[in-house]
$ cat run_39.csv   # CSV, C-alpha atoms and all ligand atoms
chain,number,residue,atom,x,y,z
A,1,MET,CA,28.7,-1.1,17.5
A,2,THR,CA,27.8,2.4,16.1
A,3,LYS,CA,25.6,3.5,18.9
A,4,ASP,CA,28.1,5.9,20.6
A,5,TRP,CA,28.8,7.8,17.5
A,6,SER,CA,27.2,11.2,17.0
A,7,PRO,CA,24.5,11.5,14.3
A,8,ARG,CA,27.0,13.4,12.0
A,9,THR,CA,29.4,10.4,12.2
A,10,LYS,CA,26.6,8.0,11.6
A,11,SER,CA,25.5,10.0,8.6
A,12,VAL,CA,28.9,9.3,6.9
A,13,HIS,CA,29.5,5.7,8.1
A,14,SER,CA,26.6,3.8,9.5
A,15,GLY,CA,25.1,0.9,7.4
A,16,THR,CA,28.0,0.7,5.0
A,17,ARG,CA,28.4,-2.7,3.4
A,18,ARG,CA,31.6,-3.2,1.4
A,19,SER,CA,31.8,-5.7,-1.4
A,20,GLN,CA,34.9,-7.9,-1.9
A,21,TYR,CA,36.5,-5.0,-3.8
A,22,GLY,CA,36.7,-2.7,-0.7
A,23,GLU,CA,35.2,0.3,-2.5
A,24,MET,CA,35.3,3.6,-0.6
A,25,SER,CA,32.1,5.0,-1.9
A,26,GLU,CA,29.0,2.8,-1.4
A,27,ALA,CA,28.3,0.5,-4.4
A,28,ILE,CA,25.0,0.7,-6.4
A,29,PHE,CA,23.6,-2.8,-6.7
A,30,LEU,CA,21.5,-2.0,-9.7
A,31,THR,CA,19.9,-5.3,-9.9
A,32,GLN,CA,16.3,-6.5,-9.7
A,33,GLY,CA,17.0,-10.0,-8.7
A,34,PHE,CA,19.6,-12.3,-7.0
A,35,VAL,CA,21.0,-15.6,-8.1
A,36,TYR,CA,20.9,-18.6,-5.8
A,37,ASP,CA,23.6,-21.4,-5.7
A,38,SER,CA,20.9,-24.0,-5.6
A,39,ALA,CA,17.2,-24.6,-5.6
A,40,GLU,CA,17.5,-25.5,-1.9
A,41,GLN,CA,19.1,-22.1,-1.2
A,42,ALA,CA,16.2,-20.3,-3.0
A,43,GLU,CA,13.7,-22.3,-1.0
A,44,ALA,CA,15.5,-21.5,2.3
A,45,ARG,CA,15.7,-17.8,1.5
A,46,PHE,CA,12.0,-17.5,0.8
A,47,ILE,CA,11.4,-19.1,4.2
A,48,GLU,CA,13.8,-16.8,6.0
A,49,SER,CA,16.4,-14.3,4.7
A,50,GLY,CA,19.4,-13.3,6.7
A,51,PRO,CA,20.5,-9.7,6.9
A,52,ASP,CA,22.7,-9.9,3.8
A,53,GLU,CA,20.5,-12.2,1.8
A,54,PHE,CA,18.2,-10.7,-0.8
A,55,ILE,CA,15.4,-12.1,-3.0
A,56,TYR,CA,14.1,-9.4,-5.2
A,57,ALA,CA,14.6,-5.6,-5.2
A,58,ARG,CA,10.9,-4.9,-4.3
A,59,TYR,CA,11.6,-6.9,-1.1
A,60,GLY,CA,15.1,-5.5,-0.4
A,61,ASN,CA,18.5,-4.7,-2.0
A,62,PRO,CA,22.0,-4.1,-0.6
A,63,THR,CA,22.1,-0.4,-1.5
A,64,VAL,CA,18.6,0.2,-0.2
A,65,ARG,CA,19.5,-1.7,3.0
A,66,MET,CA,22.6,0.5,3.5
A,67,PHE,CA,20.3,3.6,3.3
A,68,GLU,CA,17.8,2.0,5.7
A,69,ASP,CA,20.4,1.1,8.3
A,70,ARG,CA,22.1,4.5,8.1
A,71,ILE,CA,18.9,6.5,8.5
A,72,ALA,CA,17.7,4.3,11.4
A,73,ALA,CA,21.1,4.8,13.1
A,74,ILE,CA,20.8,8.6,12.7
A,75,GLU,CA,17.1,8.7,13.8
A,76,GLY,CA,17.8,6.4,16.8
A,77,THR,CA,15.3,3.7,15.8
A,78,GLU,CA,15.8,0.0,15.5
A,79,ASP,CA,15.1,-0.3,11.8
A,80,ALA,CA,13.7,1.5,8.7
A,81,PHE,CA,12.0,0.7,5.4
A,82,ALA,CA,12.8,2.8,2.4
A,83,THR,CA,10.0,3.8,0.0
A,84,ALA,CA,9.6,5.2,-3.5
A,85,SER,CA,8.5,8.6,-2.2
A,86,GLY,CA,7.5,10.4,1.0
A,87,MET,CA,3.9,9.8,0.2
A,88,ALA,CA,4.6,6.0,-0.1
A,89,ALA,CA,6.1,6.2,3.4
A,90,VAL,CA,3.1,8.1,4.9
A,91,SER,CA,0.5,5.9,3.2
A,92,GLY,CA,2.5,2.7,3.8
A,93,ALA,CA,3.0,3.5,7.5
A,94,LEU,CA,-0.7,4.2,8.1
A,95,THR,CA,-2.3,1.6,5.7
A,96,SER,CA,-0.1,-1.2,6.8
A,97,MET,CA,-1.2,-0.9,10.5
A,98,LEU,CA,-4.9,0.1,10.1
A,99,LYS,CA,-8.1,-1.8,9.3
A,100,ALA,CA,-11.8,-1.0,8.9
A,101,GLY,CA,-13.3,0.0,12.2
A,102,ASP,CA,-10.0,1.5,13.6
A,103,HIS,CA,-10.0,5.0,14.9
A,104,VAL,CA,-7.3,7.6,14.1
A,105,VAL,CA,-6.7,11.1,15.5
A,106,SER,CA,-4.8,13.5,13.3
A,107,ALA,CA,-3.7,17.1,13.4
A,108,LYS,CA,-5.6,19.0,10.8
A,109,ALA,CA,-2.7,21.2,9.6
A,110,LEU,CA,-1.2,18.8,7.1
A,111,PHE,CA,0.4,18.8,3.7
A,112,GLY,CA,-2.3,18.3,1.0
A,113,SER,CA,-1.4,14.7,0.1
A,114,CYS,CA,-1.2,13.7,3.7
A,115,LEU,CA,-4.7,15.2,4.3
A,116,TYR,CA,-5.9,13.3,1.2
A,117,ILE,CA,-4.8,9.9,2.7
A,118,LEU,CA,-6.5,10.6,6.0
A,119,GLU,CA,-9.6,12.3,4.7
A,120,GLU,CA,-10.3,10.4,1.5
A,121,ILE,CA,-8.5,7.1,1.4
A,122,LEU,CA,-8.5,5.8,5.0
A,123,THR,CA,-12.2,6.8,5.5
A,124,ARG,CA,-13.1,5.0,2.2
A,125,PHE,CA,-11.8,1.8,3.8
A,126,GLY,CA,-13.8,2.2,7.0
A,127,VAL,CA,-11.2,3.9,9.2
A,128,ASP,CA,-12.8,6.6,11.5
A,129,VAL,CA,-10.6,9.7,11.5
A,130,THR,CA,-11.0,12.7,13.9
A,131,PHE,CA,-9.1,15.9,13.1
A,132,VAL,CA,-7.9,18.2,15.9
A,133,ASP,CA,-6.0,21.4,16.3
A,134,GLY,CA,-2.6,19.8,16.7
A,135,THR,CA,-1.2,22.6,18.9
A,136,ASP,CA,-4.0,22.1,21.5
A,137,LEU,CA,-3.1,19.2,23.9
A,138,ASP,CA,-6.6,19.3,25.4
A,139,ALA,CA,-8.1,18.7,22.0
A,140,TRP,CA,-5.8,15.6,21.6
A,141,LYS,CA,-6.9,14.4,25.0
A,142,ALA,CA,-10.6,14.8,24.2
A,143,ALA,CA,-10.3,13.1,20.8
A,144,VAL,CA,-8.1,10.0,21.7
A,145,ARG,CA,-10.4,7.1,22.7
A,146,ASP,CA,-9.9,3.6,24.1
A,147,ASP,CA,-10.2,2.2,20.6
A,148,THR,CA,-7.8,4.8,19.0
A,149,LYS,CA,-5.2,2.8,17.0
A,150,ALA,CA,-2.9,5.6,15.9
A,151,VAL,CA,-2.4,9.3,16.0
A,152,PHE,CA,-0.8,11.2,13.1
A,153,LEU,CA,0.8,14.6,12.9
A,154,GLU,CA,3.4,16.7,11.1
A,155,SER,CA,5.7,17.8,13.9
A,156,VAL,CA,6.0,21.1,12.1
A,157,SER,CA,3.1,21.7,9.7
A,158,ASN,CA,3.3,22.5,6.1
A,159,PRO,CA,3.1,25.5,5.2
A,160,THR,CA,2.1,27.5,8.4
A,161,LEU,CA,4.9,26.0,10.5
A,162,GLU,CA,2.8,25.2,13.6
A,163,VAL,CA,4.9,23.1,16.0
A,164,ILE,CA,3.2,20.3,17.8
A,165,ASP,CA,4.3,19.2,21.2
A,166,LEU,CA,5.4,15.7,20.3
A,167,LYS,CA,6.1,14.6,23.9
A,168,GLY,CA,2.7,15.8,25.1
A,169,VAL,CA,0.8,14.1,22.2
A,170,ALA,CA,2.8,10.8,22.7
A,171,GLU,CA,1.9,10.7,26.4
A,172,ILE,CA,-1.8,11.2,25.6
A,173,ALA,CA,-1.7,8.6,22.8
A,174,HIS,CA,0.4,6.0,24.8
A,175,ALA,CA,-2.0,6.2,27.7
A,176,LYS,CA,-4.6,4.7,25.4
A,177,GLY,CA,-2.2,2.3,23.7
A,178,ALA,CA,-2.2,4.2,20.4
A,179,THR,CA,0.8,4.3,18.0
A,180,VAL,CA,2.3,7.8,17.3
A,181,VAL,CA,3.1,8.3,13.7
A,182,VAL,CA,5.0,11.5,12.9
A,183,ASP,CA,5.7,13.1,9.5
A,184,ASN,CA,9.0,14.8,10.5
A,185,VAL,CA,9.9,16.4,7.2
A,186,PHE,CA,10.1,20.0,8.4
A,187,ALA,CA,12.1,19.1,11.5
A,188,THR,CA,14.5,17.2,9.3
A,189,PRO,CA,16.5,14.1,10.3
A,190,ALA,CA,19.4,16.4,11.2
A,191,PHE,CA,17.5,18.2,14.0
A,192,SER,CA,15.0,15.4,14.9
A,193,LYS,CA,14.5,14.2,18.5
A,194,ALA,CA,11.3,12.5,17.6
A,195,ALA,CA,12.3,9.0,18.8
A,196,GLU,CA,13.4,10.1,22.2
A,197,LEU,CA,10.3,12.3,22.6
A,198,GLY,CA,8.0,9.3,22.1
A,199,ALA,CA,7.3,8.9,18.4
A,200,ASP,CA,6.8,5.2,17.5
A,201,VAL,CA,6.9,5.6,13.7
A,202,ILE,CA,8.8,8.5,12.1
A,203,VAL,CA,8.3,9.2,8.4
A,204,TYR,CA,10.4,11.3,6.0
A,205,SER,CA,10.1,12.4,2.5
A,206,ALA,CA,13.8,11.7,1.5
A,207,THR,CA,13.1,13.9,-1.5
A,208,LYS,CA,13.6,16.9,0.8
A,209,HIS,CA,16.7,17.3,3.0
A,210,ILE,CA,18.1,13.8,2.7
A,211,ASP,CA,18.7,14.1,-1.1
A,212,GLY,CA,18.7,17.9,-0.6
A,213,GLN,CA,19.9,18.5,-4.1
A,214,GLY,CA,16.7,18.1,-6.1
A,215,ARG,CA,17.4,14.8,-7.9
A,216,CYS,CA,15.4,11.8,-6.7
A,217,LEU,CA,12.1,11.0,-5.0
A,218,GLY,CA,12.3,8.8,-2.0
A,219,GLY,CA,10.9,8.2,1.5
A,220,VAL,CA,11.6,6.2,4.6
A,221,ILE,CA,9.7,4.8,7.6
A,222,CYS,CA,11.6,4.5,10.8
A,223,GLY,CA,10.5,2.4,13.8
A,224,THR,CA,11.0,-0.7,15.8
A,225,LYS,CA,12.2,-3.9,14.1
A,226,GLU,CA,8.8,-5.5,14.9
A,227,PHE,CA,6.9,-2.7,13.2
A,228,ILE,CA,9.2,-2.3,10.2
A,229,ARG,CA,9.7,-5.9,9.4
A,230,LYS,CA,6.4,-7.4,10.5
A,231,THR,CA,3.9,-4.6,9.6
A,232,ALA,CA,5.4,-2.0,7.1
A,233,GLU,CA,7.6,-4.3,5.0
A,234,PRO,CA,5.0,-7.0,4.2
A,235,TYR,CA,2.6,-4.3,3.1
A,236,LEU,CA,5.1,-2.3,1.0
A,237,LYS,CA,6.9,-5.2,-0.6
A,238,HIS,CA,3.7,-6.7,-1.8
A,239,THR,CA,2.1,-3.4,-2.9
A,240,GLY,CA,5.2,-2.1,-4.7
A,241,GLY,CA,6.2,1.0,-2.8
A,242,SER,CA,9.9,0.1,-2.4
A,243,LEU,CA,12.8,2.5,-3.2
A,244,SER,CA,14.9,1.9,-6.2
A,245,PRO,CA,18.6,1.0,-5.6
A,246,PHE,CA,19.8,4.0,-7.7
A,247,ASN,CA,17.7,6.5,-5.7
A,248,ALA,CA,18.8,4.8,-2.4
A,249,TRP,CA,22.4,5.4,-3.5
A,250,VAL,CA,21.7,9.1,-4.1
A,251,MET,CA,20.0,9.3,-0.6
A,252,LEU,CA,23.0,7.6,1.0
A,253,LYS,CA,25.4,10.1,-0.5
A,254,GLY,CA,23.0,12.9,0.5
A,255,LEU,CA,23.0,11.7,4.1
A,256,GLU,CA,26.8,12.3,4.2
A,257,THR,CA,26.4,16.1,3.8
A,258,MET,CA,22.9,16.4,5.3
A,259,HIS,CA,23.9,17.8,8.7
A,260,LEU,CA,26.2,20.4,7.2
A,261,ARG,CA,23.6,21.5,4.7
A,262,CYS,CA,20.7,21.6,7.2
A,263,ALA,CA,22.8,23.5,9.7
A,264,ALA,CA,23.8,26.1,7.1
A,265,GLN,CA,20.3,26.4,5.7
A,266,ALA,CA,18.7,26.7,9.2
A,267,GLU,CA,21.2,29.4,10.1
A,268,SER,CA,20.3,31.4,7.0
A,269,ALA,CA,16.6,30.8,7.6
A,270,LEU,CA,16.8,32.3,11.1
A,271,PHE,CA,18.9,35.2,9.8
A,272,ILE,CA,16.3,36.0,7.1
A,273,ALA,CA,13.3,35.6,9.3
A,274,GLU,CA,14.7,37.9,12.0
A,275,ALA,CA,15.7,40.5,9.4
A,276,LEU,CA,12.2,40.4,7.7
A,277,GLU,CA,10.1,40.4,10.8
A,278,GLY,CA,8.0,43.6,11.0
A,279,HIS,CA,8.6,44.5,7.3
A,280,THR,CA,5.9,46.9,6.2
A,281,LYS,CA,4.9,44.6,3.3
A,282,LEU,CA,4.3,41.6,5.5
A,283,ASP,CA,1.4,40.6,7.8
A,284,ARG,CA,3.3,37.7,9.3
A,285,THR,CA,6.8,36.2,9.3
A,286,LEU,CA,6.6,32.6,10.5
A,287,TYR,CA,9.6,30.6,11.7
A,288,PRO,CA,9.7,28.2,14.6
A,289,TYR,CA,12.8,29.7,16.3
A,290,LEU,CA,11.5,33.4,16.1
A,291,ASP,CA,10.7,34.9,19.5
A,292,SER,CA,7.2,35.8,18.1
A,293,HIS,CA,6.4,32.2,17.2
A,294,PRO,CA,3.6,30.9,19.5
A,295,GLN,CA,5.3,27.5,19.9
A,296,GLN,CA,9.0,28.7,20.0
A,297,ALA,CA,9.6,27.0,23.4
A,298,VAL,CA,8.3,23.7,22.1
A,299,ALA,CA,10.4,24.1,18.9
A,300,LYS,CA,13.5,24.8,20.9
A,301,GLU,CA,12.9,21.7,23.1
A,302,GLN,CA,12.2,19.2,20.3
A,303,MET,CA,14.3,20.5,17.3
A,304,GLY,CA,18.0,21.1,17.3
A,305,ALA,CA,17.3,24.1,15.1
A,306,GLY,CA,14.3,25.9,13.6
A,307,GLY,CA,14.4,24.1,10.3
A,308,THR,CA,15.1,25.4,6.7
A,309,VAL,CA,11.7,26.8,5.8
A,310,ILE,CA,10.2,30.2,6.6
A,311,SER,CA,6.7,31.4,5.7
A,312,LEU,CA,5.9,35.0,4.8
A,313,ASP,CA,2.4,36.4,4.7
A,314,ILE,CA,2.4,39.2,2.2
A,315,LYS,CA,-0.1,42.1,2.5
A,316,GLY,CA,-2.4,42.3,-0.5
A,317,GLY,CA,-3.4,38.7,-1.1
A,318,LYS,CA,-2.7,36.7,-4.3
A,319,ASP,CA,-1.8,39.7,-6.6
A,320,ALA,CA,0.8,40.9,-4.1
A,321,ALA,CA,2.1,37.3,-3.6
A,322,PHE,CA,2.4,36.7,-7.4
A,323,ARG,CA,4.2,40.1,-7.9
A,324,PHE,CA,6.6,39.1,-5.2
A,325,LEU,CA,7.2,35.7,-6.7
A,326,ASN,CA,7.7,37.1,-10.2
A,327,ALA,CA,10.2,39.7,-8.9
A,328,LEU,CA,12.5,37.1,-7.2
A,329,ASP,CA,15.8,36.5,-9.0
A,330,ILE,CA,17.9,34.0,-7.0
A,331,VAL,CA,14.9,32.3,-5.2
A,332,LEU,CA,13.2,30.0,-7.7
A,333,ILE,CA,9.4,29.4,-8.0
A,334,SER,CA,8.8,25.8,-7.4
A,335,ASN,CA,7.0,23.5,-5.0
A,336,ASN,CA,9.7,21.4,-3.4
A,337,LEU,CA,11.6,22.2,-0.3
A,338,GLY,CA,14.8,21.2,1.5
A,339,ASP,CA,16.8,21.8,-1.7
A,340,SER,CA,20.3,23.5,-1.8
A,341,LYS,CA,18.5,26.0,-4.1
A,342,SER,CA,16.1,28.4,-2.4
A,343,ILE,CA,12.5,27.9,-3.4
A,344,ALA,CA,9.4,30.0,-3.1
A,345,THR,CA,5.9,28.4,-3.2
A,346,HIS,CA,2.4,29.9,-3.2
A,347,PRO,CA,0.6,27.1,-1.3
A,348,ALA,CA,-3.0,28.5,-1.9
A,349,THR,CA,-2.6,27.9,-5.7
A,350,THR,CA,-0.3,24.9,-5.7
A,351,THR,CA,0.4,22.5,-2.9
A,352,HIS,CA,-2.8,23.3,-1.0
A,353,GLN,CA,-5.0,24.2,-4.0
A,354,ARG,CA,-7.4,21.2,-3.6
A,355,LEU,CA,-8.4,22.4,-0.1
A,356,SER,CA,-11.6,24.4,0.1
A,357,VAL,CA,-11.4,28.1,0.7
A,358,GLU,CA,-12.8,27.5,4.2
A,359,GLN,CA,-10.2,24.7,5.0
A,360,ARG,CA,-7.4,27.0,3.9
A,361,ALA,CA,-8.8,29.9,6.0
A,362,GLU,CA,-9.0,27.5,9.0
A,363,LEU,CA,-5.4,26.5,8.5
A,364,GLY,CA,-4.1,30.1,8.1
A,365,ILE,CA,-3.2,29.5,4.4
A,366,THR,CA,-4.0,33.0,3.2
A,367,ASP,CA,-3.8,34.1,-0.4
A,368,GLY,CA,-0.7,36.1,0.5
A,369,LEU,CA,1.2,33.3,2.1
A,370,ILE,CA,4.5,32.3,0.6
A,371,ARG,CA,6.5,29.2,1.8
A,372,MET,CA,10.2,29.9,1.4
A,373,SER,CA,12.6,27.0,1.5
A,374,VAL,CA,16.0,28.5,2.3
A,375,GLY,CA,18.9,27.0,0.4
A,376,LEU,CA,22.7,27.1,0.5
A,377,GLU,CA,23.2,30.4,-1.2
A,378,ASP,CA,24.8,33.3,0.7
A,379,LYS,CA,22.3,34.5,3.2
A,380,ALA,CA,23.0,38.2,2.5
A,381,ASP,CA,22.3,37.6,-1.2
A,382,LEU,CA,19.1,35.8,-0.3
A,383,LEU,CA,17.9,38.6,2.0
A,384,ASP,CA,18.7,41.2,-0.7
A,385,ASP,CA,16.7,39.2,-3.3
A,386,ILE,CA,13.7,38.9,-1.0
A,387,ARG,CA,13.8,42.5,0.0
A,388,THR,CA,14.1,43.6,-3.6
A,389,ALA,CA,11.1,41.5,-4.5
A,390,LEU,CA,9.1,42.9,-1.6
A,391,ASP,CA,9.8,46.4,-2.9
A,392,ALA,CA,8.2,45.3,-6.1
A,393,VAL,CA,4.9,44.4,-4.3
A,401,LIG,C1,5.2,17.2,5.1
A,401,LIG,C2,5.4,16.4,3.9
A,401,LIG,N1,5.1,15.1,3.9
A,401,LIG,C3,5.3,14.4,2.8
A,401,LIG,C4,5.6,14.9,1.6
A,401,LIG,C5,5.6,14.1,0.3
A,401,LIG,O1,6.9,13.8,-0.1
A,401,LIG,P1,7.2,13.2,-1.6
A,401,LIG,O2,7.0,14.3,-2.5
A,401,LIG,O3,8.6,12.6,-1.5
A,401,LIG,O4,6.2,12.1,-1.8
A,401,LIG,C6,5.9,16.3,1.5
A,401,LIG,C7,6.2,16.9,0.2
A,401,LIG,O5,6.2,18.1,0.0
A,401,LIG,C8,5.7,17.1,2.7
A,401,LIG,O6,6.0,18.4,2.6

$ encode --input "run_39.csv" --output "structure tokens"
Amino acid sequence: MTKDWSPRTKSVHSGTRRSQYGEMSEAIFLTQGFVYDSAEQAEARFIESGPDEFIYARYGNPTVRMFEDRIAAIEGTEDAFATASGMAAVSGALTSMLKAGDHVVSAKALFGSCLYILEEILTRFGVDVTFVDGTDLDAWKAAVRDDTKAVFLESVSNPTLEVIDLKGVAEIAHAKGATVVVDNVFATPAFSKAAELGADVIVYSATKHIDGQGRCLGGVICGTKEFIRKTAEPYLKHTGGSLSPFNAWVMLKGLETMHLRCAAQAESALFIAEALEGHTKLDRTLYPYLDSHPQQAVAKEQMGAGGTVISLDIKGGKDAAFRFLNALDIVLISNNLGDSKSIATHPATTTHQRLSVEQRAELGITDGLIRMSVGLEDKADLLDDIRTALDAV
């Protein structure tokens, strides 16, 4: 019924379930359990639950289900399962489908916790993982084997903003029957075309642009009904990674404004990146929609905008980067992204600290690199703040 609506309309209306009171704003069903009319009804529900029949909040909850239905409608997938955090979504998507002896190919430019799951956890349970340069389709082709069960990538990598050709990787993976799992956080659900480009499973940290206002942790796995309800849900509902109803409600309200926020933030990000490119204090200005970005064409094809994050490589290494951070006034030092408040992060000493010096060097995470999540402040104020801080370097 909702399939002809544009994603913006879906962000406001899809998935809504009204109670008998006809409330305008979605209700928070802050309940762990559900009461049955009879023992027979309880028994029947444990055998098979209908779409509006719930058992226990770890299994499902009406507010959580509204969020799942809404994000699936926006993303263009059949279904979704909401998780307690983005990392619960990444680990749940991968662990629920893999077993000892399976082979996985992954891009090596990953957020530190994603790398930990692939490098430390999956391998500990006997999964064979091959890492490749995600931007090199020949490397994917060489690594994917007949027994490859899944490929994993961040469509835009954290924090160096490499853009991976999703369609190209999906064609290579699908030729061998492998499932394509994409962490699409940096592309954002507002600009995502992941499902139409061939991603089978699309994962988000809802903590980022979906909440977008720095309040709650959350995550979501989007995919086919078969994958979500037969593979992801059984794993997550039994291992305890489900989203709380309160956080689901915050995410639902966040979705209503997500497109407007992301569009404004991406417009400011492009404005700032273009203005800073070539600055004498910078070695590199990274942003997927910049003419100088090596995968600009791929970014323009697979993302409706360049995203809300830019990365700046400051000349002079860690000392210079710290002087820059400490001189910022509006932009806050923190390690989240996608927030309405602009945030600057020094990945080498925070989010990517656990990587070895060699791994960081290989991924282009220099000591001078700053990841800048552009918020909703006035873009001229932000540019002023960044320029003033660069003067202090
Ligand atoms: C690309 C990416 N994936 C996953 C996550 C994890 O999300 P969460 O903090 O909600 O677990 C992050 C968080 O920074 C991220 O940047």

$ closest_residue --input "run_39.csv" --among "A:Gly316, A:Gly218, A:Pro7, A:Gly92" --to "ligand LIG 401 (chain A)" --atoms "all atoms listed in the file"
A:Gly218

$ closest_residue --input "run_39.csv" --among "A:Leu236, A:Ala321, A:Leu255, A:Ala82" --to "ligand LIG 401 (chain A)" --atoms "only C-alpha atoms and all ligand atoms"
A:Ala82

$ closest_atom_pairs --input "run_39.csv" --of "chain A" --to "ligand LIG 401 (chain A)" --cutoff "8 Å" --atoms "all atoms listed in the file" --output "Markdown table"
| residue | atom | partner | partner_atom | distance |
| --- | --- | --- | --- | --- |
| A:Ala84 | CA | A:LIG401 | O3 | 7.7 |
| A:Ser85 | CA | A:LIG401 | O3 | 4.1 |
| A:Gly86 | CA | A:LIG401 | O3 | 3.5 |
| A:Met87 | CA | A:LIG401 | O4 | 3.8 |
| A:Ala88 | CA | A:LIG401 | O4 | 6.5 |
| A:Ala89 | CA | A:LIG401 | O4 | 7.9 |
| A:Val90 | CA | A:LIG401 | C3 | 7.0 |
| A:Leu110 | CA | A:LIG401 | C1 | 6.9 |
| A:Phe111 | CA | A:LIG401 | C1 | 5.2 |
| A:Ser113 | CA | A:LIG401 | C5 | 7.0 |
| A:Cys114 | CA | A:LIG401 | N1 | 6.5 |
| A:Glu154 | CA | A:LIG401 | C1 | 6.3 |
| A:Ser157 | CA | A:LIG401 | C1 | 6.8 |
| A:Asn158 | CA | A:LIG401 | C1 | 5.7 |
| A:Asp183 | CA | A:LIG401 | N1 | 6.0 |
| A:Asn184 | CA | A:LIG401 | C1 | 7.0 |
| A:Val185 | CA | A:LIG401 | C1 | 5.2 |
| A:Phe186 | CA | A:LIG401 | C1 | 6.5 |
| A:Tyr204 | CA | A:LIG401 | C3 | 6.8 |
| A:Ser205 | CA | A:LIG401 | O3 | 4.3 |
| A:Ala206 | CA | A:LIG401 | O3 | 6.1 |
| A:Thr207 | CA | A:LIG401 | O3 | 4.7 |
| A:Lys208 | CA | A:LIG401 | O3 | 7.0 |
| A:Leu217 | CA | A:LIG401 | O3 | 5.2 |
| A:Gly218 | CA | A:LIG401 | O3 | 5.3 |
| A:Gly219 | CA | A:LIG401 | O3 | 5.8 |
| A:Asn335 | CA | A:LIG401 | O5 | 7.4 |
| A:Asn336 | CA | A:LIG401 | O5 | 5.9 |
| A:Leu337 | CA | A:LIG401 | O5 | 6.8 |
| A:Thr351 | CA | A:LIG401 | O5 | 7.8 |

$ atom_distance --input "run_39.csv" --atom1 "CA of Cys216 (chain A)" --atom2 "CA of Phe67 (chain A)"
13.8 Å

$ residues_around --input "run_39.csv" --residues "Pro288 (chain A)" --least-positions-apart "4" --cutoff "8 Å" --atoms "all atoms listed in the file" --output "count of residues only"
9

$ residues_around --input "run_39.csv" --residues "Arg323 (chain A)" --least-positions-apart "5" --cutoff "9 Å" --atoms "all atoms listed in the file" --output "JSON, numbers by chain"
{"A": [318, 328, 389, 390, 392, 393]}

$ residues_around --input "run_39.csv" --residues "Arg215 (chain A)" --least-positions-apart "4" --cutoff "10 Å" --atoms "all atoms listed in the file" --output "number ranges by chain"
A: 207-208, 211, 247, 250-251, 339

$ atom_distance --input "run_39.csv" --atom1 "CA of Ile228 (chain A)" --atom2 "CA of Pro245 (chain A)"
18.7 Å

$ residues_around --input "run_39.csv" --residues "region 256-261 of chain A" --least-positions-apart "6" --cutoff "6 Å" --atoms "all atoms listed in the file" --output "mmCIF file with C-alpha atoms, in the coordinates of the input"
data_model
loop_
_atom_site.group_PDB
_atom_site.id
_atom_site.type_symbol
_atom_site.label_atom_id
_atom_site.label_comp_id
_atom_site.auth_asym_id
_atom_site.auth_seq_id
_atom_site.Cartn_x
_atom_site.Cartn_y
_atom_site.Cartn_z
ATOM 1 C CA SER A 11 25.500 10.000 8.600
ATOM 2 C CA VAL A 12 28.900 9.300 6.900
ATOM 3 C CA ALA A 190 19.400 16.400 11.200
#

$ residues_around --input "run_39.csv" --residues "Asp146 (chain A)" --least-positions-apart "6" --cutoff "9 Å" --atoms "only C-alpha atoms" --output "list of chain:residue names"
A:Lys176, A:Gly177, A:Ala178

$ atom_distance --input "run_39.csv" --atom1 "CA of Leu252 (chain A)" --atom2 "CA of Gly304 (chain A)"
21.7 Å

$ closest_residue --input "run_39.csv" --among "A:Met66, A:Ala266, A:Phe34, A:Ala142" --to "Phe54 (chain A)" --atoms "all atoms listed in the file"
A:Phe34
